[in-house]
Amino acid sequence: MEIPRTSPTAPTDVDAVVIGAGFAGLYMLHRLRDKLGLRTIVFDTADGVGGTWHWNCYPGARCDTESYVYCYSFSPQLLQEWDWSGKYPSQPELLSYLNHVADRFELRRDIRLETRVERATYDDSTDTWTVATDRGDLLTTRFLISGVGLLASAPYAPSFRDAEDFTGETFHTGTWPKTPVDLTGKRIGVIGTGSTGVQIIPELARQADHLTVFQRTAQFTVPAQHHTVDAETLREIKTNYAAIWEATYASVGGFPWQHNGRSALDDTPEQREATFRALWAEGGFRFIFGSYKDLLTNLEANEHVAEFVRARIRERVRNPEVREKLVPRGEPFAARRPVVDTDYFETYDRDNVTLVDLTSESIERFTATGIRTTARDYPLDTIVYATGFDAVSGPLLRIDIKGSGGLSLADAWSKGPRTYLGLGMAGFPNLFTITGPGSAFGNIPVVIQHHVEWISTAIARLIERGGRRFEAIQEAQDAWYDELVETANRTVIPFGNSWYSGSNVPGKPHTVSFYLGSYSAYRQRCDAVAAEGYAGFTLS
Ligand code: NA7
């Protein structure tokens, strides 16, 4: 492989290696190469850019954050020239957007696709990383930046007994084929009813001869209320972008709205009902983040919204037996990643859809012709795993990373991932993580953009000072994890069992994955750390 060498005297092959060409990697390349003038190379396993939006191309895949804020804000021109077609962007539309970004900023020439980073090893004597790929590349770099994200590069499929006996087709939604799959007239089984299952199930029901859904946990979902947007709406958004981003950065979740300032407990039942109904009609995450201030922090307030959503689910399903199996119980509302749906519950009233409640019968094994539960056989032509991801730590742990003194990331994270601010780790100098574990969670492109800017500024400061090594301090990292736990304990999140805590993958350590204070507080915190000369990091 030819590495561009703009500085032949430099001691490394490149200045920066970025892993991943999704939202994070694309912007990181632009910042490092075009703003700092660093020789930067991006590697991605996929045969195209787009990260999550490259891989998750299953039927019905759509982002559940509003398109006009699920994008970069760094370029006013980009914001003005791109027209979103609807309230939420579909996967193909997001992929077009990210390809447009790659072309517009001439990023492709420094991106190596179909190349997996397999190993990265830090050399304390030179303060450099050596990066090895599956194509045999071996190159040295000063900075290593992870843009692998939280999910997409680590799809998770549970091991079902005798899975290999099944003679039909199997798919995982996270590695859906790029070539069209014709499932018309098939008997399809879907395992999983998370965000992905909830999107793919209505689509597959329209194609299948029969669809059987294997549900382990019933989901609270909020209706998307998706619609197309007209030119006038787009014009208005584009005119108001400055204010929209200001509100977004000052918000709890990275969305451009605020809660209403009241506790759900202060209102009468009638007032609460009116508030929830108005937000329900708008749909999406506004139902959560534009509502009462304490839905996610007070169990009593949470139960009011949970009951409201349960009542809506009951209205949406006619079959009384199926309906009750779809009503979530046992976890607070939004204790796991909230799900946004279109036509999800209505799908279960179709004649060609069967719901299998895995709390009353469990999957015993696969057979040559389908799935056998403890109750009966379900004959299937196709099985779809909508079973999610080895999230948060999985994507980075799939790379053999050895930091200072040969410390392996797998050892450092044996009790779960630990970082300082989600940006860097003690023992792994000059390795930066864009939306790493322990960062804020919310509207991810917004978190990503801030991280990319924070990291590129940190690198610039280190270079200006003639420093060689930027590393999180162990005590700061430990204190940050304590803060994550303390902040999470002020919310309903610890009551949920999902990829948030690692509990979706058997054997994974349970952990607090994110900072669950507000996004604005997190953002200010990171900026304050930078302003204080990177307190909690050493620059040497
Ligand atoms: P999720 O949200 O992790 O959902 C995975 C689903 O698969 C969920 O319903 C699980 O049930 C189910 N699952 C997992 N293992 C099993 C087994 N062994 N048996 C039956 N069912 C199982 O993944 P998604 O892809 O939907 O969404 C991931 C994120 O992508 C989402 O949060 C957004 O950020 C985008 P469970 O609920 O654990 O009982």
# chains A, B, ... in the order shown; residues from 1 in each chain; ligands from 1
call {"tool": "select_by_dssp", "arguments": {"residues": "segment 72-220 of chain A", "states": "strand (DSSP E)", "output": "PDB file with C-alpha atoms, in the first residue's frame"}}
result
ATOM      1  CA  ILE A 111      -9.736   5.970   3.054  1.00  0.00           C
ATOM      2  CA  ARG A 112      -8.766   2.333   2.616  1.00  0.00           C
ATOM      3  CA  VAL A 117      -7.430  -3.171  11.482  1.00  0.00           C
ATOM      4  CA  GLU A 118      -6.439  -6.320  13.327  1.00  0.00           C
ATOM      5  CA  ARG A 119      -3.791  -5.132  15.767  1.00  0.00           C
ATOM      6  CA  ALA A 120      -2.479  -1.914  17.222  1.00  0.00           C
ATOM      7  CA  THR A 121       0.553  -1.900  19.501  1.00  0.00           C
ATOM      8  CA  TYR A 122       2.039   1.029  21.373  1.00  0.00           C
ATOM      9  CA  ASP A 123       5.797   1.464  21.528  1.00  0.00           C
ATOM     10  CA  THR A 128       4.082   5.621  18.393  1.00  0.00           C
ATOM     11  CA  TRP A 129       1.497   3.025  17.463  1.00  0.00           C
ATOM     12  CA  THR A 130       2.084   0.232  14.992  1.00  0.00           C
ATOM     13  CA  VAL A 131      -1.090  -0.732  13.204  1.00  0.00           C
ATOM     14  CA  ALA A 132      -1.545  -4.035  11.373  1.00  0.00           C
ATOM     15  CA  THR A 133      -4.364  -4.779   8.927  1.00  0.00           C
ATOM     16  CA  LEU A 138       2.033  -2.551   8.933  1.00  0.00           C
ATOM     17  CA  LEU A 139       2.391   1.136   9.550  1.00  0.00           C
ATOM     18  CA  THR A 140       3.497   3.421  12.312  1.00  0.00           C
ATOM     19  CA  THR A 141       1.512   6.419  13.454  1.00  0.00           C
ATOM     20  CA  ARG A 142       1.657   8.974  16.233  1.00  0.00           C
ATOM     21  CA  PHE A 143      -2.072   9.036  16.862  1.00  0.00           C
ATOM     22  CA  LEU A 144      -4.649   6.304  16.720  1.00  0.00           C
ATOM     23  CA  ILE A 145      -8.285   7.333  16.701  1.00  0.00           C
ATOM     24  CA  SER A 146     -11.183   4.944  17.052  1.00  0.00           C
ATOM     25  CA  GLU A 169     -31.491 -19.049   4.942  1.00  0.00           C
ATOM     26  CA  THR A 170     -30.386 -17.034   7.968  1.00  0.00           C
ATOM     27  CA  PHE A 171     -29.642 -13.327   8.119  1.00  0.00           C
ATOM     28  CA  HIS A 172     -28.466 -10.930  10.794  1.00  0.00           C
ATOM     29  CA  ARG A 187     -42.177 -18.420   6.079  1.00  0.00           C
ATOM     30  CA  ILE A 188     -39.960 -16.063   8.052  1.00  0.00           C
ATOM     31  CA  GLY A 189     -38.981 -16.163  11.709  1.00  0.00           C
ATOM     32  CA  VAL A 190     -37.636 -13.014  13.387  1.00  0.00           C
ATOM     33  CA  ILE A 191     -35.820 -13.259  16.710  1.00  0.00           C
ATOM     34  CA  HIS A 210     -46.129 -16.098   7.231  1.00  0.00           C
ATOM     35  CA  LEU A 211     -44.082 -14.201   9.796  1.00  0.00           C
ATOM     36  CA  THR A 212     -43.351 -15.622  13.239  1.00  0.00           C
ATOM     37  CA  VAL A 213     -41.918 -13.197  15.782  1.00  0.00           C
ATOM     38  CA  PHE A 214     -39.980 -14.620  18.726  1.00  0.00           C
ATOM     39  CA  GLN A 215     -40.272 -12.005  21.476  1.00  0.00           C
TER      40      GLN A 215
END
call {"tool": "residues_near_ligand", "arguments": {"ligand": "ligand 1", "cutoff": "8 Å", "atoms": "only C-alpha atoms and all ligand atoms", "output": "PyMOL selection string"}}
result
chain A and resi 151-152+157-160+173-174+191-198+214-219+336-339+358+363+385-389+497-499+503-505
call {"tool": "write_last_selection", "arguments": {"atoms": "N, CA, C and O atoms", "output": "compact mmCIF listing (two decimals), in the first residue's frame"}}
result
# COMPACT_ATOMS: atom_id res chain seq x y z
N LEU A 151 -21.79 0.07 18.09
CA LEU A 151 -22.63 -1.08 17.75
C LEU A 151 -22.20 -1.81 16.49
O LEU A 151 -21.85 -2.98 16.52
N ALA A 152 -22.22 -1.12 15.36
CA ALA A 152 -22.32 -1.76 14.04
C ALA A 152 -21.23 -2.78 13.75
O ALA A 152 -21.49 -3.78 13.08
N ALA A 157 -25.15 -12.50 17.62
CA ALA A 157 -26.16 -13.54 17.39
C ALA A 157 -26.02 -14.57 18.50
O ALA A 157 -24.94 -15.14 18.67
N PRO A 158 -27.07 -14.80 19.27
CA PRO A 158 -26.97 -15.80 20.34
C PRO A 158 -26.70 -17.18 19.74
O PRO A 158 -27.06 -17.43 18.60
N SER A 159 -26.08 -18.06 20.54
CA SER A 159 -25.87 -19.42 20.04
C SER A 159 -27.08 -20.26 20.42
O SER A 159 -27.27 -20.56 21.60
N PHE A 160 -27.88 -20.61 19.45
CA PHE A 160 -29.00 -21.50 19.70
C PHE A 160 -28.56 -22.94 19.41
O PHE A 160 -27.80 -23.18 18.47
N THR A 173 -29.62 -8.81 10.91
CA THR A 173 -29.98 -7.49 10.38
C THR A 173 -28.78 -6.57 10.23
O THR A 173 -28.75 -5.72 9.35
N GLY A 174 -27.78 -6.76 11.10
CA GLY A 174 -26.61 -5.88 11.07
C GLY A 174 -25.60 -6.21 9.99
O GLY A 174 -24.64 -5.46 9.79
N ILE A 191 -36.14 -13.19 15.28
CA ILE A 191 -35.82 -13.26 16.71
C ILE A 191 -35.36 -11.87 17.13
O ILE A 191 -34.38 -11.35 16.58
N GLY A 192 -36.06 -11.28 18.08
CA GLY A 192 -35.64 -9.97 18.57
C GLY A 192 -36.64 -8.88 18.26
O GLY A 192 -37.15 -8.80 17.12
N THR A 193 -36.94 -8.08 19.26
CA THR A 193 -37.90 -6.99 19.10
C THR A 193 -37.36 -5.69 19.69
O THR A 193 -38.06 -4.95 20.38
N GLY A 194 -36.06 -5.43 19.44
CA GLY A 194 -35.49 -4.13 19.81
C GLY A 194 -35.80 -3.12 18.70
O GLY A 194 -36.69 -3.34 17.87
N SER A 195 -35.05 -2.02 18.65
CA SER A 195 -35.28 -1.00 17.62
C SER A 195 -35.31 -1.61 16.23
O SER A 195 -36.13 -1.24 15.38
N THR A 196 -34.39 -2.57 16.00
CA THR A 196 -34.28 -3.17 14.67
C THR A 196 -35.47 -4.07 14.38
O THR A 196 -36.09 -3.97 13.33
N GLY A 197 -35.78 -4.98 15.32
CA GLY A 197 -36.91 -5.87 15.12
C GLY A 197 -38.19 -5.08 14.88
O GLY A 197 -38.98 -5.40 13.98
N VAL A 198 -38.36 -4.02 15.64
CA VAL A 198 -39.57 -3.21 15.53
C VAL A 198 -39.66 -2.55 14.13
O VAL A 198 -40.76 -2.33 13.61
N PHE A 214 -40.36 -14.04 17.44
CA PHE A 214 -39.98 -14.62 18.73
C PHE A 214 -39.59 -13.47 19.65
O PHE A 214 -38.53 -12.86 19.49
N GLN A 215 -40.46 -13.17 20.60
CA GLN A 215 -40.27 -12.01 21.48
C GLN A 215 -39.89 -12.45 22.88
O GLN A 215 -40.63 -13.19 23.53
N ARG A 216 -38.74 -11.96 23.34
CA ARG A 216 -38.35 -12.29 24.72
C ARG A 216 -38.85 -11.22 25.69
O ARG A 216 -39.30 -11.52 26.79
N THR A 217 -38.74 -9.96 25.27
CA THR A 217 -39.18 -8.86 26.14
C THR A 217 -40.08 -7.93 25.33
O THR A 217 -39.68 -7.45 24.26
N ALA A 218 -41.29 -7.69 25.83
CA ALA A 218 -42.19 -6.75 25.14
C ALA A 218 -41.61 -5.33 25.26
O ALA A 218 -40.97 -5.00 26.26
N GLN A 219 -41.83 -4.53 24.23
CA GLN A 219 -41.19 -3.21 24.15
C GLN A 219 -42.19 -2.08 24.33
O GLN A 219 -43.28 -2.13 23.76
N ARG A 336 -34.33 1.11 28.86
CA ARG A 336 -33.45 0.67 27.79
C ARG A 336 -33.61 1.65 26.64
O ARG A 336 -34.46 2.53 26.70
N ARG A 337 -32.81 1.52 25.63
CA ARG A 337 -32.85 2.47 24.52
C ARG A 337 -34.28 2.60 23.99
O ARG A 337 -34.88 1.59 23.58
N PRO A 338 -34.86 3.81 24.01
CA PRO A 338 -36.24 3.94 23.57
C PRO A 338 -36.40 3.51 22.11
O PRO A 338 -35.50 3.71 21.30
N VAL A 339 -37.54 2.93 21.82
CA VAL A 339 -37.82 2.44 20.47
C VAL A 339 -38.91 3.31 19.85
O VAL A 339 -39.86 3.69 20.53
N LEU A 358 -41.65 -15.66 24.36
CA LEU A 358 -40.59 -16.53 24.89
C LEU A 358 -40.54 -16.52 26.42
O LEU A 358 -39.70 -17.19 27.01
N ILE A 363 -37.02 -21.03 23.27
CA ILE A 363 -36.43 -21.71 22.11
C ILE A 363 -35.59 -22.86 22.63
O ILE A 363 -34.65 -22.65 23.41
N TYR A 385 -32.06 -12.88 12.46
CA TYR A 385 -31.60 -12.47 13.79
C TYR A 385 -31.66 -10.95 13.87
O TYR A 385 -30.91 -10.26 13.17
N ALA A 386 -32.58 -10.45 14.69
CA ALA A 386 -32.59 -9.01 14.99
C ALA A 386 -32.14 -8.88 16.44
O ALA A 386 -32.81 -8.27 17.27
N THR A 387 -31.01 -9.51 16.73
CA THR A 387 -30.60 -9.72 18.12
C THR A 387 -29.52 -8.74 18.58
O THR A 387 -28.93 -8.94 19.64
N GLY A 388 -29.27 -7.71 17.77
CA GLY A 388 -28.46 -6.61 18.28
C GLY A 388 -26.97 -6.82 18.18
O GLY A 388 -26.46 -7.50 17.29
N PHE A 389 -26.27 -6.25 19.15
CA PHE A 389 -24.82 -6.07 19.04
C PHE A 389 -24.11 -6.37 20.36
O PHE A 389 -24.67 -6.19 21.43
N ASN A 497 -32.61 -4.07 31.35
CA ASN A 497 -31.65 -5.11 30.96
C ASN A 497 -31.45 -5.01 29.45
O ASN A 497 -32.30 -5.49 28.69
N SER A 498 -30.35 -4.45 29.04
CA SER A 498 -30.16 -4.27 27.60
C SER A 498 -28.69 -4.06 27.31
O SER A 498 -27.84 -4.14 28.21
N TRP A 499 -28.41 -3.75 26.07
CA TRP A 499 -27.02 -3.52 25.68
C TRP A 499 -26.41 -2.33 26.41
O TRP A 499 -25.19 -2.22 26.49
N SER A 503 -25.87 -6.44 29.44
CA SER A 503 -26.57 -7.65 29.88
C SER A 503 -27.24 -8.38 28.72
O SER A 503 -27.83 -9.44 28.94
N ASN A 504 -27.15 -7.85 27.50
CA ASN A 504 -27.74 -8.57 26.36
C ASN A 504 -26.85 -9.72 25.88
O ASN A 504 -27.30 -10.60 25.17
N VAL A 505 -25.57 -9.70 26.27
CA VAL A 505 -24.65 -10.75 25.83
C VAL A 505 -24.24 -11.57 27.05
O VAL A 505 -23.63 -11.03 27.98
call {"tool": "residues_around", "arguments": {"residues": "Asp110 of chain A", "least_positions_apart": "3", "cutoff": "10 Å", "atoms": "only C-alpha atoms", "output": "ChimeraX atom specification"}}
result
/A:3-4,26,29-30,33,39-43,106-107,113
call {"tool": "write_last_selection", "arguments": {"atoms": "C-alpha atoms", "output": "PDB file, in the first residue's frame"}}
result
ATOM      1  CA  ILE A   3       1.090   5.874   2.108  1.00  0.00           C
ATOM      2  CA  PRO A   4       1.243   9.554   1.152  1.00  0.00           C
ATOM      3  CA  LEU A  26     -15.164  10.834   7.968  1.00  0.00           C
ATOM      4  CA  LEU A  29     -10.196  12.683   8.605  1.00  0.00           C
ATOM      5  CA  HIS A  30     -11.421  16.076   7.452  1.00  0.00           C
ATOM      6  CA  ARG A  33      -5.977  16.316   7.317  1.00  0.00           C
ATOM      7  CA  ARG A  39      -1.028  12.799   7.221  1.00  0.00           C
ATOM      8  CA  THR A  40      -4.085  10.759   8.041  1.00  0.00           C
ATOM      9  CA  ILE A  41      -5.399   7.446   6.835  1.00  0.00           C
ATOM     10  CA  VAL A  42      -8.752   5.828   7.542  1.00  0.00           C
ATOM     11  CA  PHE A  43      -9.344   2.086   7.477  1.00  0.00           C
ATOM     12  CA  GLU A 106     -12.488  14.788  -1.017  1.00  0.00           C
ATOM     13  CA  LEU A 107     -12.081  12.220   1.699  1.00  0.00           C
ATOM     14  CA  LEU A 113     -11.912   0.229   2.370  1.00  0.00           C
TER      15      LEU A 113
END
call {"tool": "closest_residue", "arguments": {"among": "A:Asp127, A:Asp137, A:Asp390, A:Glu232", "to": "Gly405 of chain A", "atoms": "only C-alpha atoms"}}
result
A:Asp127
call {"tool": "atom_distance", "arguments": {"atom1": "atom CA of Pro417 of chain A", "atom2": "atom CA of Ser393 of chain A"}}
result
6.0 Å
call {"tool": "residues_around", "arguments": {"residues": "segment 46-50 of chain A", "least_positions_apart": "5", "cutoff": "8 Å", "atoms": "only C-alpha atoms", "output": "PyMOL selection string"}}
result
chain A and resi 21-23+55+95+98-99+102+113-115
call {"tool": "closest_residue", "arguments": {"among": "A:Leu299, A:Ala528, A:Arg418, A:Val317", "to": "Ala476 of chain A", "atoms": "only C-alpha atoms"}}
result
A:Arg418
call {"tool": "select_by_dssp", "arguments": {"residues": "segment 60-224 of chain A", "states": "helix (DSSP H, G or I)", "output": "PyMOL selection string"}}
result
chain A and resi 67-69+76-81+91-104+108-110+163-165+173-175+195-207
call {"tool": "residues_around", "arguments": {"residues": "Leu32 of chain A", "least_positions_apart": "5", "cutoff": "10 Å", "atoms": "only C-alpha atoms", "output": "ChimeraX atom specification"}}
result
/A:15-16,18,27,37-41,452-453,455-457,459-460
call {"tool": "atom_distance", "arguments": {"atom1": "atom CA of Phe333 of chain A", "atom2": "atom CA of Phe285 of chain A"}}
result
12.6 Å
call {"tool": "residues_around", "arguments": {"residues": "Arg376 of chain A", "least_positions_apart": "5", "cutoff": "10 Å", "atoms": "only C-alpha atoms", "output": "ChimeraX atom specification"}}
result
/A:361-364,371
call {"tool": "write_last_selection", "arguments": {"atoms": "C-alpha atoms", "output": "compact mmCIF listing (two decimals), in the first residue's frame"}}
result
# COMPACT_ATOMS: atom_id res chain seq x y z
CA GLU A 361 -42.24 -21.02 25.85
CA SER A 362 -38.51 -20.84 25.16
CA ILE A 363 -36.43 -21.71 22.11
CA GLU A 364 -35.21 -25.25 22.65
CA ILE A 371 -37.36 -23.52 15.32
call {"tool": "decode", "arguments": {"residues": "segment 94-113 of chain A", "atoms": "N, CA, C and O atoms", "output": "short mmCIF file (atom, residue, chain, number, x, y, z; two decimals), in the first residue's frame"}}
result
data_model
loop_
_atom_site.label_atom_id
_atom_site.label_comp_id
_atom_site.auth_asym_id
_atom_site.auth_seq_id
_atom_site.Cartn_x
_atom_site.Cartn_y
_atom_site.Cartn_z
N LEU A 94 -29.44 8.23 4.32
CA LEU A 94 -28.27 8.55 5.16
C LEU A 94 -26.97 8.11 4.50
O LEU A 94 -25.95 8.81 4.58
N LEU A 95 -27.04 6.98 3.82
CA LEU A 95 -25.85 6.51 3.12
C LEU A 95 -25.49 7.48 1.99
O LEU A 95 -24.31 7.79 1.78
N SER A 96 -26.50 7.99 1.29
CA SER A 96 -26.23 8.99 0.23
C SER A 96 -25.61 10.24 0.84
O SER A 96 -24.68 10.82 0.28
N TYR A 97 -26.12 10.64 1.99
CA TYR A 97 -25.59 11.84 2.66
C TYR A 97 -24.11 11.65 3.00
O TYR A 97 -23.27 12.51 2.71
N LEU A 98 -23.79 10.50 3.59
CA LEU A 98 -22.40 10.28 4.01
C LEU A 98 -21.48 10.11 2.80
O LEU A 98 -20.32 10.55 2.82
N ASN A 99 -22.00 9.55 1.72
CA ASN A 99 -21.21 9.48 0.48
C ASN A 99 -21.01 10.88 -0.10
O ASN A 99 -19.94 11.19 -0.62
N HIS A 100 -22.02 11.69 0.00
CA HIS A 100 -21.89 13.08 -0.45
C HIS A 100 -20.80 13.80 0.36
O HIS A 100 -19.97 14.52 -0.21
N VAL A 101 -20.81 13.57 1.67
CA VAL A 101 -19.78 14.20 2.52
C VAL A 101 -18.40 13.72 2.09
O VAL A 101 -17.45 14.52 1.98
N ALA A 102 -18.28 12.41 1.84
CA ALA A 102 -16.97 11.86 1.44
C ALA A 102 -16.49 12.51 0.14
O ALA A 102 -15.30 12.81 -0.01
N ASP A 103 -17.41 12.74 -0.79
CA ASP A 103 -17.03 13.35 -2.08
C ASP A 103 -16.75 14.84 -1.91
O ASP A 103 -15.76 15.37 -2.40
N ARG A 104 -17.65 15.49 -1.20
CA ARG A 104 -17.59 16.95 -1.09
C ARG A 104 -16.28 17.43 -0.45
O ARG A 104 -15.72 18.44 -0.82
N PHE A 105 -15.82 16.64 0.55
CA PHE A 105 -14.59 17.03 1.25
C PHE A 105 -13.39 16.21 0.76
O PHE A 105 -12.36 16.17 1.43
N GLU A 106 -13.57 15.55 -0.36
CA GLU A 106 -12.49 14.79 -1.02
C GLU A 106 -11.80 13.85 -0.03
O GLU A 106 -10.56 13.84 0.10
N LEU A 107 -12.62 13.08 0.65
CA LEU A 107 -12.08 12.22 1.70
C LEU A 107 -11.61 10.87 1.16
O LEU A 107 -10.74 10.24 1.75
N ARG A 108 -12.17 10.44 0.06
CA ARG A 108 -11.96 9.04 -0.35
C ARG A 108 -10.49 8.68 -0.58
O ARG A 108 -10.09 7.55 -0.38
N ARG A 109 -9.72 9.66 -1.03
CA ARG A 109 -8.33 9.32 -1.36
C ARG A 109 -7.52 8.87 -0.14
O ARG A 109 -6.48 8.25 -0.28
N ASP A 110 -8.00 9.18 1.04
CA ASP A 110 -7.28 8.76 2.26
C ASP A 110 -8.05 7.70 3.05
O ASP A 110 -7.81 7.52 4.25
N ILE A 111 -8.97 7.03 2.39
CA ILE A 111 -9.74 5.97 3.05
C ILE A 111 -9.42 4.65 2.37
O ILE A 111 -9.50 4.54 1.15
N ARG A 112 -9.01 3.68 3.16
CA ARG A 112 -8.77 2.33 2.62
C ARG A 112 -9.92 1.45 3.05
O ARG A 112 -10.05 1.11 4.24
N LEU A 113 -10.76 1.08 2.08
CA LEU A 113 -11.91 0.23 2.37
C LEU A 113 -11.51 -1.24 2.32
O LEU A 113 -10.41 -1.58 1.89
#
